[in-house]
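A.B. asks: Got protein_0.csv for you, CSV, C-alpha atoms:
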```
chain,number,residue,atom,x,y,z
H,333,MET,CA,52.3,76.2,170.1
H,334,MET,CA,52.5,78.4,167.1
H,335,ILE,CA,53.8,77.0,163.9
H,336,PHE,CA,55.5,79.6,161.6
H,337,PRO,CA,55.8,79.0,157.9
H,338,LYS,CA,59.2,78.8,156.2
H,339,THR,CA,59.9,81.0,153.2
H,340,ILE,CA,62.0,79.8,150.3
H,341,GLN,CA,63.5,82.8,148.5
H,342,ASP,CA,63.9,83.1,144.8
H,343,GLY,CA,67.1,81.3,143.7
H,344,GLN,CA,67.0,78.9,146.7
H,345,ALA,CA,66.1,75.3,147.0
H,346,VAL,CA,65.7,72.9,149.9
H,347,ILE,CA,65.0,69.2,150.6
H,348,ARG,CA,62.1,68.5,152.8
H,349,TRP,CA,62.5,65.1,154.5
H,350,ASN,CA,59.1,63.7,155.3
H,351,ASN,CA,58.2,61.5,158.2
H,352,ASN,CA,57.3,58.5,156.0
H,353,GLY,CA,60.9,58.5,154.6
H,354,THR,CA,60.2,60.3,151.4
H,355,ARG,CA,61.6,63.7,150.4
H,356,ASP,CA,60.7,66.6,148.3
H,357,ILE,CA,62.8,69.2,146.6
H,358,ILE,CA,61.3,72.6,146.8
H,359,THR,CA,62.5,75.6,144.9
H,360,GLY,CA,61.6,79.2,145.7
H,361,PRO,CA,60.0,81.5,145.8
H,362,THR,CA,57.5,79.8,148.0
H,363,THR,CA,56.4,79.3,151.6
H,364,ILE,CA,56.0,75.9,153.2
H,365,TYR,CA,54.5,74.6,156.5
H,366,ALA,CA,56.6,71.7,157.8
H,367,PRO,CA,56.5,71.7,161.6
H,368,PHE,CA,57.9,68.3,162.0
H,369,ALA,CA,59.9,67.9,158.8
H,370,ASN,CA,63.7,68.2,158.5
H,371,ILE,CA,64.7,70.8,155.8
H,372,THR,CA,68.2,70.7,154.2
H,373,PRO,CA,69.2,73.7,151.9
H,374,LEU,CA,70.7,72.8,148.5
H,375,ARG,CA,73.8,74.3,146.9
H,376,ARG,CA,73.3,75.8,143.4
H,377,VAL,CA,76.2,75.4,141.0
H,378,SER,CA,76.0,77.4,137.8
H,379,ALA,CA,78.1,77.9,134.6
H,380,ALA,CA,78.3,80.9,132.4
H,381,GLU,CA,78.3,81.0,128.6
H,382,GLU,CA,82.0,80.1,128.2
H,383,GLN,CA,81.9,77.4,131.0
H,384,PHE,CA,80.5,74.0,131.5
H,385,LEU,CA,79.5,71.9,134.6
H,386,ASN,CA,81.3,68.7,135.3
H,387,VAL,CA,78.7,66.6,137.2
H,388,ALA,CA,80.0,63.4,139.0
H,389,PHE,CA,77.2,61.1,140.1
H,390,LEU,CA,77.4,58.7,143.0
H,391,ASP,CA,76.8,55.7,140.6
H,392,GLY,CA,80.1,56.5,138.9
H,393,HIS,CA,79.1,58.1,135.7
H,394,THR,CA,79.9,61.7,134.7
H,395,GLU,CA,78.1,64.3,132.6
H,396,ASN,CA,79.4,67.6,131.2
H,397,ILE,CA,76.7,70.2,130.8
H,398,PRO,CA,77.5,73.3,128.6
H,399,GLY,CA,76.7,76.7,130.0
H,400,PRO,CA,74.8,78.8,130.6
H,401,CYS,CA,73.2,76.4,133.1
H,402,ALA,CA,72.7,75.7,136.8
H,403,VAL,CA,72.3,72.4,138.8
H,404,TRP,CA,71.2,71.9,142.4
H,405,PHE,CA,73.7,69.7,144.2
H,406,ASP,CA,71.7,66.7,145.5
H,407,PRO,CA,73.7,64.7,148.1
H,408,LEU,CA,71.7,61.6,147.2
H,409,LEU,CA,72.6,61.8,143.5
H,410,HIS,CA,75.8,63.8,143.1
H,411,GLN,CA,79.3,63.1,144.2
H,412,ASN,CA,80.6,66.5,143.1
H,413,ILE,CA,79.8,69.3,140.7
H,414,THR,CA,82.5,71.7,139.4
H,415,THR,CA,82.5,74.6,137.0
H,416,LYS,CA,85.2,74.4,134.4
H,417,PRO,CA,86.0,76.8,131.5
H,418,VAL,CA,85.6,75.7,127.9
H,419,ILE,CA,88.7,75.2,125.9
H,420,HIS,CA,89.4,78.0,123.4
H,421,LEU,CA,91.7,77.3,120.5
H,422,ASP,CA,93.1,80.1,118.5
H,423,ALA,CA,94.0,79.6,114.8
H,424,HIS,CA,97.6,78.7,115.7
H,425,GLU,CA,96.7,76.1,118.4
H,426,ALA,CA,95.7,72.5,118.6
H,427,ILE,CA,94.9,69.9,121.2
H,428,VAL,CA,95.1,66.1,121.2
H,429,ILE,CA,91.9,64.4,122.5
H,430,TYR,CA,91.8,60.8,123.8
H,431,ASN,CA,88.5,59.0,123.9
H,432,GLU,CA,88.0,55.7,125.8
H,433,LYS,CA,85.1,53.6,124.6
H,434,ASP,CA,84.6,49.8,125.0
H,435,ASN,CA,88.0,49.5,126.5
H,436,THR,CA,89.6,51.0,123.3
H,437,VAL,CA,91.4,54.3,123.4
H,438,THR,CA,91.5,56.4,120.3
H,439,HIS,CA,92.7,60.0,119.7
H,440,ARG,CA,91.9,62.9,117.4
H,441,ILE,CA,93.5,66.2,116.8
H,442,LEU,CA,91.4,69.4,117.0
H,443,LYS,CA,92.9,72.5,115.4
H,444,GLY,CA,91.7,76.0,116.1
H,445,PRO,CA,89.9,78.3,115.8
H,446,ALA,CA,87.5,76.3,117.9
H,447,ILE,CA,85.7,75.9,121.2
H,448,HIS,CA,85.9,72.4,122.8
H,449,ILE,CA,83.8,71.0,125.7
H,450,PRO,CA,85.0,67.5,126.4
H,451,SER,CA,82.6,64.6,126.9
H,452,PRO,CA,82.9,62.5,130.0
H,453,THR,CA,84.9,59.9,128.2
H,454,GLU,CA,87.4,62.3,126.7
H,455,THR,CA,90.7,63.5,128.2
H,456,LEU,CA,93.3,65.9,126.8
H,457,HIS,CA,96.9,64.9,126.2
H,458,GLN,CA,99.2,66.4,128.8
H,459,PHE,CA,102.5,67.5,127.3
H,460,SER,CA,105.6,67.6,129.5
H,461,TRP,CA,108.7,69.0,127.8
H,462,HIS,CA,112.1,70.5,128.7
H,463,GLY,CA,111.7,74.1,129.7
H,464,ASP,CA,113.7,77.0,130.9
H,465,ASN,CA,114.2,77.2,134.7
H,466,GLY,CA,114.7,81.0,134.6
H,467,LYS,CA,118.5,80.7,134.7
H,468,GLY,CA,119.2,79.7,131.1
H,469,LYS,CA,119.1,76.0,131.8
H,470,LYS,CA,116.7,73.5,130.1
H,471,ILE,CA,115.2,71.2,132.8
H,472,PRO,CA,113.1,68.1,132.0
H,473,ARG,CA,109.3,68.2,132.6
H,474,THR,CA,109.4,71.9,133.3
H,475,LEU,CA,107.1,72.9,130.4
H,476,LYS,CA,103.6,71.5,131.0
H,477,PHE,CA,100.7,72.3,128.8
H,478,GLU,CA,97.7,71.0,126.8
H,479,LYS,CA,97.6,73.3,123.8
H,480,LEU,CA,100.2,72.8,121.0
H,481,ARG,CA,101.5,75.8,119.1
H,482,ILE,CA,101.5,75.2,115.4
H,483,ILE,CA,103.1,78.5,114.3
H,484,PRO,CA,106.8,79.2,114.0
H,485,ASP,CA,108.4,79.3,117.4
H,486,GLN,CA,111.9,79.7,118.8
H,487,MET,CA,114.1,78.7,121.8
H,488,TYR,CA,117.4,79.8,123.3
H,489,PHE,CA,120.0,77.1,124.1
H,490,ASP,CA,123.6,77.3,125.2
H,491,VAL,CA,125.8,74.3,124.3
H,492,ALA,CA,128.1,74.1,127.3
H,493,ASP,CA,131.5,72.5,127.7
H,494,VAL,CA,132.4,72.3,124.0
H,495,ARG,CA,136.1,71.4,123.4
H,496,THR,CA,138.0,72.6,120.4
H,497,ALA,CA,140.8,70.7,118.8
H,498,ASP,CA,143.4,72.4,121.0
H,499,GLU,CA,141.4,71.6,124.2
H,500,ALA,CA,139.9,75.0,124.7
H,501,LEU,CA,136.6,74.8,126.6
H,502,ILE,CA,133.8,77.1,125.4
H,503,THR,CA,130.0,77.5,125.5
H,504,ALA,CA,128.2,78.3,122.2
H,505,LYS,CA,125.1,80.4,122.4
H,506,LEU,CA,122.4,79.5,119.9
H,507,MET,CA,118.8,80.5,119.0
H,508,VAL,CA,116.7,78.0,117.1
H,509,PHE,CA,113.6,78.8,115.0
H,510,PHE,CA,111.4,75.8,114.4
H,511,GLU,CA,107.8,75.0,113.4
H,512,LEU,CA,105.5,72.0,114.0
H,513,VAL,CA,104.3,70.7,110.7
H,514,ASN,CA,103.1,67.1,111.5
H,515,ILE,CA,101.4,66.5,114.8
H,516,GLU,CA,100.8,62.8,114.2
H,517,LYS,CA,104.4,62.2,113.5
H,518,MET,CA,105.4,64.1,116.6
H,519,LEU,CA,103.1,62.0,118.8
H,520,GLN,CA,104.4,58.8,117.3
H,521,GLU,CA,108.2,59.6,117.3
H,522,THR,CA,108.9,61.6,120.5
H,523,HIS,CA,107.6,62.6,123.9
H,524,ASP,CA,109.8,65.6,124.2
H,525,PRO,CA,110.8,67.5,121.0
H,526,ILE,CA,112.8,70.0,122.9
H,527,ALA,CA,115.0,67.3,124.3
H,528,ASP,CA,115.6,66.0,120.8
H,529,PHE,CA,116.6,69.5,119.6
H,530,ILE,CA,119.0,69.9,122.5
H,531,ASN,CA,120.7,66.5,121.8
H,532,ALA,CA,121.0,67.2,118.1
H,533,LEU,CA,122.3,70.8,118.6
H,534,THR,CA,124.9,69.5,121.1
H,535,ALA,CA,126.1,66.9,118.7
H,536,ASP,CA,126.4,69.3,115.7
H,537,VAL,CA,128.3,72.0,117.7
H,538,ILE,CA,130.7,69.4,119.3
H,539,SER,CA,131.4,68.0,115.8
H,540,PHE,CA,132.0,71.5,114.4
H,541,ALA,CA,134.2,72.7,117.2
H,542,GLY,CA,136.2,69.4,117.3
H,543,GLU,CA,137.4,70.1,113.7
H,544,CYS,CA,139.3,73.3,114.5
H,545,ASN,CA,141.4,75.0,117.2
H,546,PHE,CA,140.2,78.0,119.2
H,547,GLU,CA,141.5,80.6,116.7
H,548,ALA,CA,140.0,78.7,113.8
H,549,PHE,CA,136.7,78.4,115.7
H,550,LYS,CA,136.5,82.2,116.1
H,551,THR,CA,137.3,82.6,112.4
H,552,ARG,CA,134.7,80.1,111.3
H,553,ALA,CA,132.1,80.9,113.9
H,554,HIS,CA,129.9,82.7,111.2
H,555,GLU,CA,129.2,79.2,109.8
H,556,LEU,CA,127.1,78.4,112.8
H,557,ASN,CA,124.5,80.8,111.4
H,558,LYS,CA,124.0,78.5,108.4
H,559,THR,CA,121.4,75.8,108.8
H,560,GLU,CA,123.4,73.3,106.7
H,561,THR,CA,125.9,73.2,109.5
H,562,TYR,CA,123.4,71.3,111.7
H,563,HIS,CA,123.0,67.9,109.9
H,564,ALA,CA,121.8,66.1,113.0
H,565,LEU,CA,119.3,68.8,113.9
H,566,LEU,CA,117.8,69.0,110.5
H,567,GLU,CA,117.4,65.2,110.2
H,568,GLY,CA,116.1,64.8,113.7
H,569,ALA,CA,113.5,67.6,113.4
H,570,ALA,CA,112.2,66.1,110.1
H,571,ARG,CA,111.9,62.7,111.8
H,572,ILE,CA,109.7,64.0,114.5
H,573,GLY,CA,107.5,66.2,112.4
H,574,TYR,CA,109.2,69.6,112.8
H,575,ARG,CA,110.9,72.0,110.4
H,576,ILE,CA,114.0,74.0,111.3
H,577,ASN,CA,113.6,77.5,109.8
H,578,LYS,CA,116.8,79.1,111.0
H,579,VAL,CA,119.6,78.9,113.6
H,580,VAL,CA,121.2,82.0,114.9
H,581,TYR,CA,124.7,82.0,116.5
H,582,ARG,CA,124.7,84.5,119.4
H,583,GLY,CA,128.4,84.2,120.3
H,584,TYR,CA,130.4,82.2,122.8
H,585,THR,CA,131.8,82.3,126.3
H,586,ALA,CA,134.9,80.7,127.6
H,587,SER,CA,136.5,79.8,130.9
H,588,SER,CA,137.6,82.7,133.1
H,589,GLN,CA,141.3,81.9,132.4
H,590,LEU,CA,140.8,81.5,128.7
H,591,GLN,CA,138.5,84.5,128.5
H,592,ALA,CA,141.1,86.6,130.4
H,593,MET,CA,143.8,85.5,127.9
H,594,HIS,CA,141.4,86.2,125.0
H,595,ASP,CA,140.5,89.7,126.4
H,596,HIS,CA,144.2,90.5,126.8
H,597,ALA,CA,144.9,89.4,123.2
H,598,ILE,CA,142.0,91.6,122.1
H,599,GLU,CA,143.3,94.5,124.1
H,600,THR,CA,146.8,94.0,122.7
H,601,ARG,CA,145.5,93.7,119.1
H,602,THR,CA,143.3,96.8,119.6
H,603,LYS,CA,146.2,98.8,121.0
H,604,LEU,CA,148.4,97.7,118.0
H,605,VAL,CA,145.7,98.6,115.6
H,606,LEU,CA,145.3,102.0,117.2
H,607,GLU,CA,149.0,102.6,117.2
H,608,THR,CA,149.2,101.5,113.6
H,609,GLU,CA,146.4,103.9,112.7
H,610,ILE,CA,148.0,106.8,114.5
H,611,GLU,CA,151.4,106.1,112.8
H,612,HIS,CA,149.6,105.8,109.5
H,613,GLN,CA,147.9,109.1,110.1
H,614,GLN,CA,151.2,110.8,111.1
H,615,GLN,CA,153.0,109.4,108.0
H,616,THR,CA,150.1,110.5,105.9
H,617,LEU,CA,150.2,114.0,107.4
H,618,THR,CA,154.0,114.1,106.8
H,619,ASP,CA,153.7,112.9,103.3
H,620,LEU,CA,150.9,115.5,102.7
H,621,LYS,CA,153.2,118.3,104.1
H,622,GLN,CA,156.1,117.2,101.9
H,623,THR,CA,153.8,117.0,98.9
H,624,LYS,CA,152.4,120.4,99.5
H,625,GLU,CA,155.8,121.9,100.1
H,626,HIS,CA,157.1,120.3,97.0
H,627,GLN,CA,154.1,121.6,95.0
H,628,ARG,CA,154.7,125.1,96.4
H,629,ALA,CA,158.4,125.0,95.6
H,630,THR,CA,157.7,123.7,92.1
H,631,GLU,CA,155.1,126.5,91.6
H,632,HIS,CA,157.6,129.1,92.9
H,633,ARG,CA,160.3,127.8,90.5
H,634,ASN,CA,157.8,127.8,87.6
H,635,GLU,CA,156.8,131.3,88.5
H,636,GLU,CA,160.4,132.4,88.5
H,637,ILE,CA,161.0,130.7,85.2
H,638,ARG,CA,158.0,132.3,83.7
H,639,ALA,CA,159.2,135.7,85.0
H,640,GLN,CA,162.7,135.2,83.6
H,641,GLN,CA,161.3,134.0,80.3
H,642,HIS,CA,159.1,137.1,80.2
H,643,ILE,CA,162.1,139.3,80.8
H,644,LEU,CA,164.1,137.4,78.1
H,645,ASN,CA,161.2,137.7,75.7
H,646,GLN,CA,161.0,141.4,76.4
H,647,ASN,CA,164.8,141.9,75.9
H,648,GLN,CA,164.7,139.8,72.8
H,649,LYS,CA,161.8,141.9,71.4
H,650,LYS,CA,163.8,145.1,72.3
H,651,HIS,CA,166.9,143.7,70.7
H,652,ASP,CA,165.1,142.7,67.6
H,653,GLN,CA,163.5,146.2,67.5
H,654,ASP,CA,166.9,147.8,67.9
H,655,LEU,CA,168.4,145.7,65.2
H,656,ALA,CA,165.5,146.5,62.9
H,657,ILE,CA,165.9,150.2,63.6
H,658,LYS,CA,169.7,150.0,63.1
H,659,LYS,CA,169.3,148.1,59.9
H,660,GLU,CA,166.7,150.6,58.6
H,661,ILE,CA,169.0,153.5,59.5
H,662,GLN,CA,171.9,151.8,57.7
H,663,THR,CA,169.7,151.2,54.7
H,664,MET,CA,168.6,154.8,54.7
H,665,ASP,CA,172.2,156.0,55.1
H,666,LYS,CA,173.3,153.8,52.2
H,667,ILE,CA,170.5,155.1,50.0
H,668,HIS,CA,171.4,158.7,51.0
H,669,GLN,CA,175.1,158.2,50.2
H,670,GLN,CA,174.2,156.6,46.9
H,671,GLU,CA,172.0,159.6,46.1
H,672,ILE,CA,174.8,162.0,47.2
H,673,LEU,CA,177.3,160.1,45.0
H,674,LYS,CA,174.8,160.1,42.1
H,675,LEU,CA,174.4,163.8,42.4
H,676,LYS,CA,178.2,164.3,42.5
H,677,GLN,CA,178.5,162.1,39.4
H,678,GLN,CA,175.9,164.2,37.7
H,679,GLU,CA,177.7,167.3,38.8
H,680,TRP,CA,180.9,166.0,37.5
H,681,GLU,CA,179.4,165.0,34.2
H,682,HIS,CA,177.9,168.4,33.9
H,683,LEU,CA,181.2,170.0,34.7
H,684,LYS,CA,182.9,167.8,32.2
H,685,GLN,CA,180.5,168.8,29.5
H,686,LEU,CA,181.5,172.4,30.3
H,687,ASP,CA,185.2,171.5,29.9
H,688,THR,CA,185.8,172.3,33.5
H,689,ASP,CA,188.9,171.3,35.3
H,690,LEU,CA,187.6,168.9,37.8
H,691,THR,CA,190.8,168.8,39.8
H,692,ALA,CA,190.7,172.5,40.3
H,693,VAL,CA,187.1,172.3,41.4
H,694,LEU,CA,187.7,169.6,43.9
H,695,VAL,CA,190.7,171.4,45.3
H,696,ALA,CA,188.7,174.5,45.5
H,697,LYS,CA,186.1,172.7,47.5
H,698,GLU,CA,188.5,171.0,49.8
H,699,HIS,CA,191.2,173.5,51.0
H,700,ASN,CA,192.9,170.7,52.8
H,701,PRO,CA,192.2,167.5,50.8
H,702,ASP,CA,193.0,164.1,52.3
H,703,LYS,CA,194.1,163.0,48.9
H,704,THR,CA,194.4,164.3,45.4
H,705,ILE,CA,193.1,162.5,42.4
H,706,ARG,CA,194.1,163.6,39.0
H,707,LEU,CA,192.3,162.6,35.9
H,708,ASP,CA,193.9,162.7,32.5
H,709,THR,CA,191.3,162.1,30.0
H,710,THR,CA,190.7,162.7,26.4
H,711,LYS,CA,187.6,164.5,25.3
H,712,ASN,CA,185.6,161.4,24.3
H,713,THR,CA,186.6,159.1,27.2
H,714,PRO,CA,183.8,158.5,29.8
H,715,ILE,CA,184.6,159.0,33.4
H,716,HIS,CA,183.4,156.6,36.3
H,717,LEU,CA,184.5,157.5,39.7
H,718,HIS,CA,183.9,155.3,42.8
H,719,GLU,CA,184.9,156.6,46.1
H,720,ALA,CA,184.9,154.6,49.3
H,721,ILE,CA,182.8,156.0,52.1
```
Could you render the structure from this file as structure tokens?
C.D. replies:
Amino acid sequence: MMIFPKTIQDGQAVIRWNNNGTRDIITGPTTIYAPFANITPLRRVSAAEEQFLNVAFLDGHTENIPGPCAVWFDPLLHQNITTKPVIHLDAHEAIVIYNEKDNTVTHRILKGPAIHIPSPTETLHQFSWHGDNGKGKKIPRTLKFEKLRIIPDQMYFDVADVRTADEALITAKLMVFFELVNIEKMLQETHDPIADFINALTADVISFAGECNFEAFKTRAHELNKTETYHALLEGAARIGYRINKVVYRGYTASSQLQAMHDHAIETRTKLVLETEIEHQQQTLTDLKQTKEHQRATEHRNEEIRAQQHILNQNQKKHDQDLAIKKEIQTMDKIHQQEILKLKQQEWEHLKQLDTDLTAVLVAKEHNPDKTIRLDTTKNTPIHLHEAI
């Protein structure tokens, strides 16, 4: 009978059970000769750099071995070996660690950035809060996690079945921005901060809506964007270690019947507004046409008045020129007559000095005189004759 050796490859290990009841753990690479021994292969459990091994022993104790590492599972020593990831904490995350020692449980808070490998006596706090069910409803124990977010966060919430003073039933849609500022106070005062926010928001919105009717609610709805409107929310958040940064009102919905009435009212108001705007535009256009026509008529009348005034001014100038010419002609005629009369007087004086019979001279000049003037004078009497023209 030939006995063949058994080869243990690199990265393998076996248990060789000896006939005397002892055992040996043999790791490769090697070759063994065990014709009558029972050989059991071992399972190798390893952990990478960002992992650790949780080793549960048969005697009841547990060890956590940080990676990179590897352990051969020994059925006589180990109950179970599992590979688990280390806990990474970013700068905005924190965990609550409980440690049980000497029948006393203590806790500590670890904030990131950090990497945590729990010891066998440590456990992490499991948070179970209200969460969204995917249909806009907040359901208890839906949100389960171990890492707390310690940066500003937000949540959507609809306060349903809110009655106004005139019994209108509406749903107010809100968005709350909050921030965890005191983890110890949160752990001591609440097991579900989201539930506390929901209750406080509901109380504040019901109180606000109950003070006004439906029309007043729509008019005052902008006040739901002010954080001071939410007294219960602000006080409750401060009590459990949170700070409310802002609340945003996202509108409301009403029952189908009320919404239909409201939509009809909006449609009617919009139609009236459009008709009013159209009528206003038509009236404005009519007024503009009348104004422009009046301006054109006024400009036309002013132009006619300016033309008439120009004609009058031209006629007045012509009349003044004619009067000036006539007056100048009369003046020249008068001067001419005066010169003629003066010449005649000089002629008469000359004739008188010559002892000439003036009557005979005048009669000789005028064969058919209109009138006859006879002068009887003495030698030394002066003669002045004025004849009407």
A.B. asks: Report the distance between CA of Gly573 (chain H) and CA of Val537 (chain H) in Å, rounded to one decimal place.
C.D. replies: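 A separation of 22.2 Å between them.
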A.B. asks: Calculated over only C-alpha atoms, which of the candidates H:Val403, H:Ala446, H:Leu409, H:Val491 has the smallest distance to Gly468 (chain H)?
C.D. replies: H:Val491
A.B. asks: Of the candidates H:Gln344, H:Thr522, H:Thr663, H:Asn352, which one gets nearest to Ala569 (chain H) if we count only C-alpha atoms?
C.D. replies: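 For Ala569 (chain H), the nearest of the candidates is H:Thr522.
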A.B. asks: Name the closest residue to Lys416 (chain H) among the candidates H:Leu374, H:Ala656, H:Val428, H:Ile397; distances are taken between atoms, counting only C-alpha atoms.
C.D. replies: H:Ile397
A.B. asks: Tell me which of H:Asn577, H:Asn545, H:Gln458, H:Asn465 sits closest to Asn557 (chain H), counting all atoms listed in the file.
C.D. replies: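 Nearest candidate to Asn557 (chain H) out of H:Asn577, H:Asn545, H:Gln458, H:Asn465: H:Asn577.
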A.B. asks: Mind giving me the straight-line distance from CA of Ala504 (chain H) to CA of Ile471 (chain H) in Å, one decimal?
C.D. replies: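 About the pair CA of Ala504 (chain H) and CA of Ile471 (chain H): they are 18.2 Å apart.
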A.B. asks: Enclose region 450-458 of chain H, meaning all of its atoms listed in the file, in a box aligned along x, y and z, pad it by 5 Å on each side, and list the centre and edge lengths in Å to one decimal, as lines of an AutoDock Vina configuration file.
C.D. replies:
```
center_x = 90.9
center_y = 63.7
center_z = 128.1
size_x = 26.6
size_y = 17.6
size_z = 13.8
```
A.B. asks: Can you list, as a list in words, every protein, DNA or RNA residue that comes within 12 Å of Glu516 (chain H) when you count only C-alpha atoms, leaving out same-chain residues fewer than 5 positions away?
C.D. replies: Ala426, Ile427, Val428, His439, Arg440, Ile441, Leu442, Glu521, Thr522, His523, Arg571, Ile572, Gly573 and Tyr574 of chain H
A.B. asks: Could you please determine the separation between CA of Gly583 (chain H) and CA of Cys544 (chain H) in Å, to one decimal place?
C.D. replies: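 Separating CA of Gly583 (chain H) from CA of Cys544 (chain H) is a distance of 16.5 Å.
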A.B. asks: Just the residues within 7 Å of Lys338 (chain H), please, counting all atoms listed in the file, with nothing from its chain fewer than 5 positions along; format it as a list in words.
C.D. replies: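 Near neighbours after the sequence-gap exclusion: Thr363, Ile364 and Tyr365 of chain H.
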